[in-house]
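Data block for input_36.pdb (PDB, C-alpha atoms, pLDDT in the B column):
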```
ATOM      1  CA  MET A 298      14.554  -9.374  16.598  1.00 42.00           C
ATOM      2  CA  GLY A 299      17.351  -8.137  14.358  1.00 47.00           C
ATOM      3  CA  SER A 300      19.095 -11.415  13.622  1.00 47.00           C
ATOM      4  CA  ILE A 301      18.368 -13.825  10.812  1.00 49.00           C
ATOM      5  CA  LYS A 302      19.813 -17.323  10.763  1.00 49.00           C
ATOM      6  CA  TYR A 303      21.379 -18.012   7.380  1.00 49.00           C
ATOM      7  CA  SER A 304      22.664 -21.564   7.188  1.00 52.00           C
ATOM      8  CA  ASP A 305      24.967 -21.812  10.238  1.00 55.00           C
ATOM      9  CA  LEU A 306      25.665 -18.082  10.248  1.00 61.00           C
ATOM     10  CA  ILE A 307      23.691 -15.650  12.366  1.00 64.00           C
ATOM     11  CA  ILE A 308      23.564 -12.203  10.820  1.00 71.00           C
ATOM     12  CA  ASN A 309      22.794  -9.513  13.350  1.00 70.00           C
ATOM     13  CA  SER A 310      21.672  -6.292  11.718  1.00 69.00           C
ATOM     14  CA  ASN A 311      21.645  -4.561  15.112  1.00 71.00           C
ATOM     15  CA  SER A 312      25.429  -4.796  15.368  1.00 80.00           C
ATOM     16  CA  MET A 313      26.145  -4.178  11.676  1.00 90.00           C
ATOM     17  CA  PHE A 314      24.607  -0.698  11.597  1.00 94.00           C
ATOM     18  CA  LEU A 315      24.879   2.131  14.084  1.00 93.00           C
ATOM     19  CA  GLU A 316      21.733   3.709  15.492  1.00 94.00           C
ATOM     20  CA  GLU A 317      22.489   7.002  13.712  1.00 95.00           C
ATOM     21  CA  GLU A 318      22.548   5.228  10.318  1.00 95.00           C
ATOM     22  CA  PHE A 319      18.834   4.430  10.486  1.00 96.00           C
ATOM     23  CA  GLY A 320      16.546   6.898   8.740  1.00 97.00           C
ATOM     24  CA  LYS A 321      19.263   7.823   6.214  1.00 97.00           C
ATOM     25  CA  PRO A 322      20.461   6.335   2.922  1.00 98.00           C
ATOM     26  CA  ILE A 323      23.312   3.857   3.204  1.00 97.00           C
ATOM     27  CA  SER A 324      26.788   5.193   2.463  1.00 97.00           C
ATOM     28  CA  GLU A 325      27.858   5.697  -1.132  1.00 98.00           C
ATOM     29  CA  GLN A 326      30.700   3.225  -0.587  1.00 98.00           C
ATOM     30  CA  LEU A 327      28.376   0.485   0.662  1.00 98.00           C
ATOM     31  CA  SER A 328      25.960   1.199  -2.177  1.00 98.00           C
ATOM     32  CA  THR A 329      28.728   0.870  -4.772  1.00 98.00           C
ATOM     33  CA  ILE A 330      30.070  -2.346  -3.257  1.00 98.00           C
ATOM     34  CA  LEU A 331      26.617  -3.934  -3.035  1.00 98.00           C
ATOM     35  CA  ARG A 332      25.786  -2.977  -6.631  1.00 98.00           C
ATOM     36  CA  ARG A 333      29.120  -4.369  -7.826  1.00 97.00           C
ATOM     37  CA  ASN A 334      28.860  -7.673  -5.960  1.00 98.00           C
ATOM     38  CA  ALA A 335      25.148  -8.541  -5.778  1.00 98.00           C
ATOM     39  CA  SER A 336      22.836  -9.399  -8.652  1.00 97.00           C
ATOM     40  CA  LYS A 337      19.110  -8.965  -9.165  1.00 97.00           C
ATOM     41  CA  ASP A 338      18.782 -12.661  -8.392  1.00 97.00           C
ATOM     42  CA  ASP A 339      20.517 -12.071  -5.054  1.00 98.00           C
ATOM     43  CA  PHE A 340      18.054  -9.252  -4.320  1.00 98.00           C
ATOM     44  CA  ALA A 341      15.131 -11.554  -5.178  1.00 98.00           C
ATOM     45  CA  ASN A 342      16.446 -14.446  -3.071  1.00 97.00           C
ATOM     46  CA  ILE A 343      16.981 -12.183  -0.071  1.00 97.00           C
ATOM     47  CA  ALA A 344      13.535 -10.624  -0.537  1.00 98.00           C
ATOM     48  CA  GLY A 345      12.028 -14.099  -0.294  1.00 96.00           C
ATOM     49  CA  ARG A 346      13.996 -15.028   2.826  1.00 95.00           C
ATOM     50  CA  SER A 347      13.575 -11.742   4.687  1.00 95.00           C
ATOM     51  CA  ASN A 348       9.977 -10.807   3.778  1.00 95.00           C
ATOM     52  CA  ILE A 349      11.240  -7.405   2.589  1.00 97.00           C
ATOM     53  CA  SER A 350      10.181  -6.541  -0.952  1.00 98.00           C
ATOM     54  CA  PHE A 351      12.605  -6.630  -3.858  1.00 98.00           C
ATOM     55  CA  SER A 352      11.814  -2.983  -4.589  1.00 98.00           C
ATOM     56  CA  THR A 353      12.594  -1.900  -1.019  1.00 98.00           C
ATOM     57  CA  ILE A 354      15.952  -3.696  -1.121  1.00 98.00           C
ATOM     58  CA  ARG A 355      16.739  -2.177  -4.509  1.00 98.00           C
ATOM     59  CA  ASP A 356      15.746   1.306  -3.368  1.00 98.00           C
ATOM     60  CA  VAL A 357      17.929   1.083  -0.251  1.00 98.00           C
ATOM     61  CA  VAL A 358      20.895  -0.160  -2.291  1.00 98.00           C
ATOM     62  CA  TYR A 359      20.450   2.629  -4.860  1.00 98.00           C
ATOM     63  CA  ARG A 360      20.042   5.158  -2.022  1.00 98.00           C
ATOM     64  CA  THR A 361      16.526   6.285  -2.986  1.00 98.00           C
ATOM     65  CA  ASN A 362      15.140   4.840   0.247  1.00 98.00           C
ATOM     66  CA  SER A 363      16.553   5.058   3.768  1.00 98.00           C
ATOM     67  CA  LEU A 364      17.872   2.265   5.934  1.00 98.00           C
ATOM     68  CA  THR A 365      15.354   1.285   8.606  1.00 97.00           C
ATOM     69  CA  LYS A 366      15.427  -1.303  11.368  1.00 95.00           C
ATOM     70  CA  ALA A 367      12.945  -3.348   9.334  1.00 94.00           C
ATOM     71  CA  ASN A 368      14.897  -3.375   6.055  1.00 97.00           C
ATOM     72  CA  ALA A 369      18.299  -3.611   7.787  1.00 96.00           C
ATOM     73  CA  LYS A 370      17.752  -7.360   8.078  1.00 94.00           C
ATOM     74  CA  ALA A 371      17.628  -7.711   4.299  1.00 97.00           C
ATOM     75  CA  ILE A 372      20.553  -5.335   3.756  1.00 97.00           C
ATOM     76  CA  SER A 373      22.620  -7.330   6.257  1.00 96.00           C
ATOM     77  CA  LEU A 374      21.896 -10.503   4.303  1.00 96.00           C
ATOM     78  CA  LEU A 375      22.844  -8.677   1.109  1.00 97.00           C
ATOM     79  CA  VAL A 376      26.153  -7.575   2.667  1.00 97.00           C
ATOM     80  CA  HIS A 377      26.895 -11.220   3.468  1.00 96.00           C
ATOM     81  CA  THR A 378      25.952 -12.322  -0.055  1.00 97.00           C
ATOM     82  CA  ALA A 379      28.059  -9.564  -1.629  1.00 97.00           C
ATOM     83  CA  PHE A 380      31.014 -10.631   0.542  1.00 97.00           C
ATOM     84  CA  GLU A 381      30.675 -14.238  -0.629  1.00 97.00           C
ATOM     85  CA  ASN A 382      30.310 -13.121  -4.254  1.00 97.00           C
ATOM     86  CA  ALA A 383      33.389 -10.880  -4.015  1.00 97.00           C
ATOM     87  CA  ILE A 384      35.472 -13.784  -2.699  1.00 97.00           C
ATOM     88  CA  ALA A 385      34.169 -16.059  -5.463  1.00 97.00           C
ATOM     89  CA  SER A 386      35.007 -13.438  -8.112  1.00 96.00           C
ATOM     90  CA  LYS A 387      38.502 -13.033  -6.718  1.00 97.00           C
ATOM     91  CA  LEU A 388      39.126 -16.782  -6.761  1.00 97.00           C
ATOM     92  CA  GLN A 389      37.778 -17.074 -10.290  1.00 96.00           C
ATOM     93  CA  ALA A 390      39.963 -14.182 -11.473  1.00 96.00           C
ATOM     94  CA  GLU A 391      43.042 -15.774  -9.887  1.00 97.00           C
ATOM     95  CA  GLY A 392      42.304 -19.035 -11.702  1.00 97.00           C
ATOM     96  CA  ASP A 393      41.774 -17.171 -14.972  1.00 96.00           C
ATOM     97  CA  ILE A 394      45.089 -15.352 -14.515  1.00 96.00           C
ATOM     98  CA  LEU A 395      46.954 -18.620 -13.996  1.00 96.00           C
ATOM     99  CA  TYR A 396      45.371 -20.160 -17.074  1.00 96.00           C
ATOM    100  CA  LEU A 397      45.971 -17.106 -19.275  1.00 96.00           C
ATOM    101  CA  ASP A 398      49.548 -16.847 -18.031  1.00 95.00           C
ATOM    102  CA  TYR A 399      50.069 -20.485 -19.035  1.00 95.00           C
ATOM    103  CA  LEU A 400      48.688 -19.790 -22.531  1.00 96.00           C
ATOM    104  CA  LEU A 401      50.870 -16.714 -22.973  1.00 95.00           C
ATOM    105  CA  LYS A 402      53.996 -18.700 -22.118  1.00 92.00           C
ATOM    106  CA  LEU A 403      53.352 -21.351 -24.803  1.00 84.00           C
TER     107      LEU A 403
END
```
Full structure transcribed into structure tokens:
Amino acid sequence: MGSIKYSDLIINSNSMFLEEEFGKPISEQLSTILRRNASKDDFANIAGRSNISFSTIRDVVYRTNSLTKANAKAISLLVHTAFENAIASKLQAEGDILYLDYLLKL
């Protein structure tokens, strides 16, 4: 228990969070990063895959509910999704910058 296979990636919530983090809200930094890089659709998709309710995931992300061993699986998946989304946003921004730079030089 504690790992969820996601495509070819195995996400292990036991190694992502320290024992002392359970029973407390996630850090403000993690909360901010997850809110910035994960959408409501991401929450819903992860809820469906992890059998943790959308509202529990949302409450953990917004720090109104504590991290538990049960919901850590979903939060670990959300961390992975937010990481992928952050990379995609960065790549899109870099492409936009190149295009806008081209237009400004015309």
Next item on the list: For each of A:Ala390, A:Leu400, A:Leu364, A:Leu395, take the minimum atom-to-atom distance to Ser328 of chain A, counting all atoms listed in the file, then give the residue where this is smallest.
Entry: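 Smallest separation from Ser328 of chain A among the options: A:Leu364.
Nearest-residue note for Pro322 of chain A: choosing from A:Arg360, A:Lys366, A:Arg355, A:Lys337, the minimum distance belongs to A:Arg360, counting all atoms listed in the file.
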Next item on the list: Skip Ser347 of chain A itself and residues of its chain fewer than 5 positions away, then list as a PyMOL selection string all residues within 9 Å of it, counting only C-alpha atoms.
Entry: chain A and resi 301+342+368+370-371+374
Check: Using all atoms listed in the file, which residue out of A:Phe314, A:Ala367, A:Leu401, A:Gln326 lies closest to Ser350 of chain A?
Finding: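 Of A:Phe314, A:Ala367, A:Leu401, A:Gln326, the one nearest Ser350 of chain A, counting all atoms listed in the file, is A:Ala367.
With all atoms listed in the file taken into account, every residue lying no more than 12 Å from the file point (18.8, 7.4, 11.9) is included here: Phe314, Leu315, Glu316, Glu317, Glu318, Phe319, Gly320, Lys321, Pro322, Ile323, Ser363, Leu364, Thr365, Lys366 and Ala369 of chain A.
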Item checked: Residues in the PyMOL selection byres ((chain A and resi 377-383) around 10), expressed as a ChimeraX atom specification -> /A:303,306,308,330-336,339-340,343,371-376,384-389
Next item on the list: Tell me, in Å to one decimal, how far atom CA of Val357 of chain A is from atom CA of Ala344 of chain A.
Entry: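 Between atom CA of Val357 of chain A and atom CA of Ala344 of chain A the gap works out to 12.5 Å.
For the atom pair formed by atom CA of Asn311 of chain A and atom CA of Glu325 of chain A, the distance is 20.2 Å, given to one decimal.
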Since the input lacks some atoms of segment 382-397 of chain A, please model N, CA, C and O atoms and print them as an mmCIF file, keeping the file's coordinate frame.
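out.cif was written with the following content:
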```
data_model
loop_
_atom_site.group_PDB
_atom_site.id
_atom_site.type_symbol
_atom_site.label_atom_id
_atom_site.label_comp_id
_atom_site.auth_asym_id
_atom_site.auth_seq_id
_atom_site.Cartn_x
_atom_site.Cartn_y
_atom_site.Cartn_z
ATOM 1 N N ASN A 382 30.144 -13.296 -2.810
ATOM 2 C CA ASN A 382 30.310 -13.121 -4.254
ATOM 3 C C ASN A 382 31.653 -12.481 -4.597
ATOM 4 O O ASN A 382 32.280 -12.842 -5.595
ATOM 5 N N ALA A 383 32.103 -11.535 -3.773
ATOM 6 C CA ALA A 383 33.389 -10.880 -4.015
ATOM 7 C C ALA A 383 34.533 -11.887 -3.874
ATOM 8 O O ALA A 383 35.477 -11.886 -4.675
ATOM 9 N N ILE A 384 34.441 -12.752 -2.868
ATOM 10 C CA ILE A 384 35.472 -13.784 -2.699
ATOM 11 C C ILE A 384 35.460 -14.736 -3.889
ATOM 12 O O ILE A 384 36.513 -15.090 -4.430
ATOM 13 N N ALA A 385 34.277 -15.149 -4.322
ATOM 14 C CA ALA A 385 34.169 -16.059 -5.463
ATOM 15 C C ALA A 385 34.742 -15.418 -6.731
ATOM 16 O O ALA A 385 35.455 -16.085 -7.495
ATOM 17 N N SER A 386 34.471 -14.139 -6.937
ATOM 18 C CA SER A 386 35.007 -13.438 -8.112
ATOM 19 C C SER A 386 36.521 -13.361 -8.061
ATOM 20 O O SER A 386 37.203 -13.537 -9.078
ATOM 21 N N LYS A 387 37.046 -13.106 -6.883
ATOM 22 C CA LYS A 387 38.502 -13.033 -6.718
ATOM 23 C C LYS A 387 39.144 -14.381 -7.030
ATOM 24 O O LYS A 387 40.146 -14.440 -7.754
ATOM 25 N N LEU A 388 38.581 -15.455 -6.505
ATOM 26 C CA LEU A 388 39.126 -16.782 -6.761
ATOM 27 C C LEU A 388 39.037 -17.142 -8.243
ATOM 28 O O LEU A 388 39.969 -17.712 -8.809
ATOM 29 N N GLN A 389 37.926 -16.792 -8.867
ATOM 30 C CA GLN A 389 37.778 -17.074 -10.290
ATOM 31 C C GLN A 389 38.791 -16.277 -11.103
ATOM 32 O O GLN A 389 39.413 -16.803 -12.022
ATOM 33 N N ALA A 390 38.991 -15.012 -10.762
ATOM 34 C CA ALA A 390 39.963 -14.182 -11.473
ATOM 35 C C ALA A 390 41.379 -14.731 -11.314
ATOM 36 O O ALA A 390 42.160 -14.742 -12.270
ATOM 37 N N GLU A 391 41.713 -15.199 -10.113
ATOM 38 C CA GLU A 391 43.042 -15.774 -9.887
ATOM 39 C C GLU A 391 43.246 -17.017 -10.748
ATOM 40 O O GLU A 391 44.314 -17.217 -11.318
ATOM 41 N N GLY A 392 42.222 -17.862 -10.842
ATOM 42 C CA GLY A 392 42.304 -19.035 -11.702
ATOM 43 C C GLY A 392 42.440 -18.652 -13.165
ATOM 44 O O GLY A 392 43.223 -19.259 -13.910
ATOM 45 N N ASP A 393 41.684 -17.658 -13.589
ATOM 46 C CA ASP A 393 41.774 -17.171 -14.972
ATOM 47 C C ASP A 393 43.170 -16.643 -15.274
ATOM 48 O O ASP A 393 43.720 -16.894 -16.355
ATOM 49 N N ILE A 394 43.745 -15.912 -14.332
ATOM 50 C CA ILE A 394 45.089 -15.352 -14.515
ATOM 51 C C ILE A 394 46.107 -16.477 -14.692
ATOM 52 O O ILE A 394 46.969 -16.411 -15.587
ATOM 53 N N LEU A 395 46.030 -17.493 -13.876
ATOM 54 C CA LEU A 395 46.954 -18.620 -13.996
ATOM 55 C C LEU A 395 46.824 -19.294 -15.359
ATOM 56 O O LEU A 395 47.825 -19.609 -16.010
ATOM 57 N N TYR A 396 45.596 -19.514 -15.788
ATOM 58 C CA TYR A 396 45.371 -20.160 -17.074
ATOM 59 C C TYR A 396 45.865 -19.287 -18.224
ATOM 60 O O TYR A 396 46.557 -19.774 -19.131
ATOM 61 N N LEU A 397 45.536 -18.012 -18.203
ATOM 62 C CA LEU A 397 45.971 -17.106 -19.275
ATOM 63 C C LEU A 397 47.479 -16.961 -19.292
ATOM 64 O O LEU A 397 48.092 -16.873 -20.369
#
```
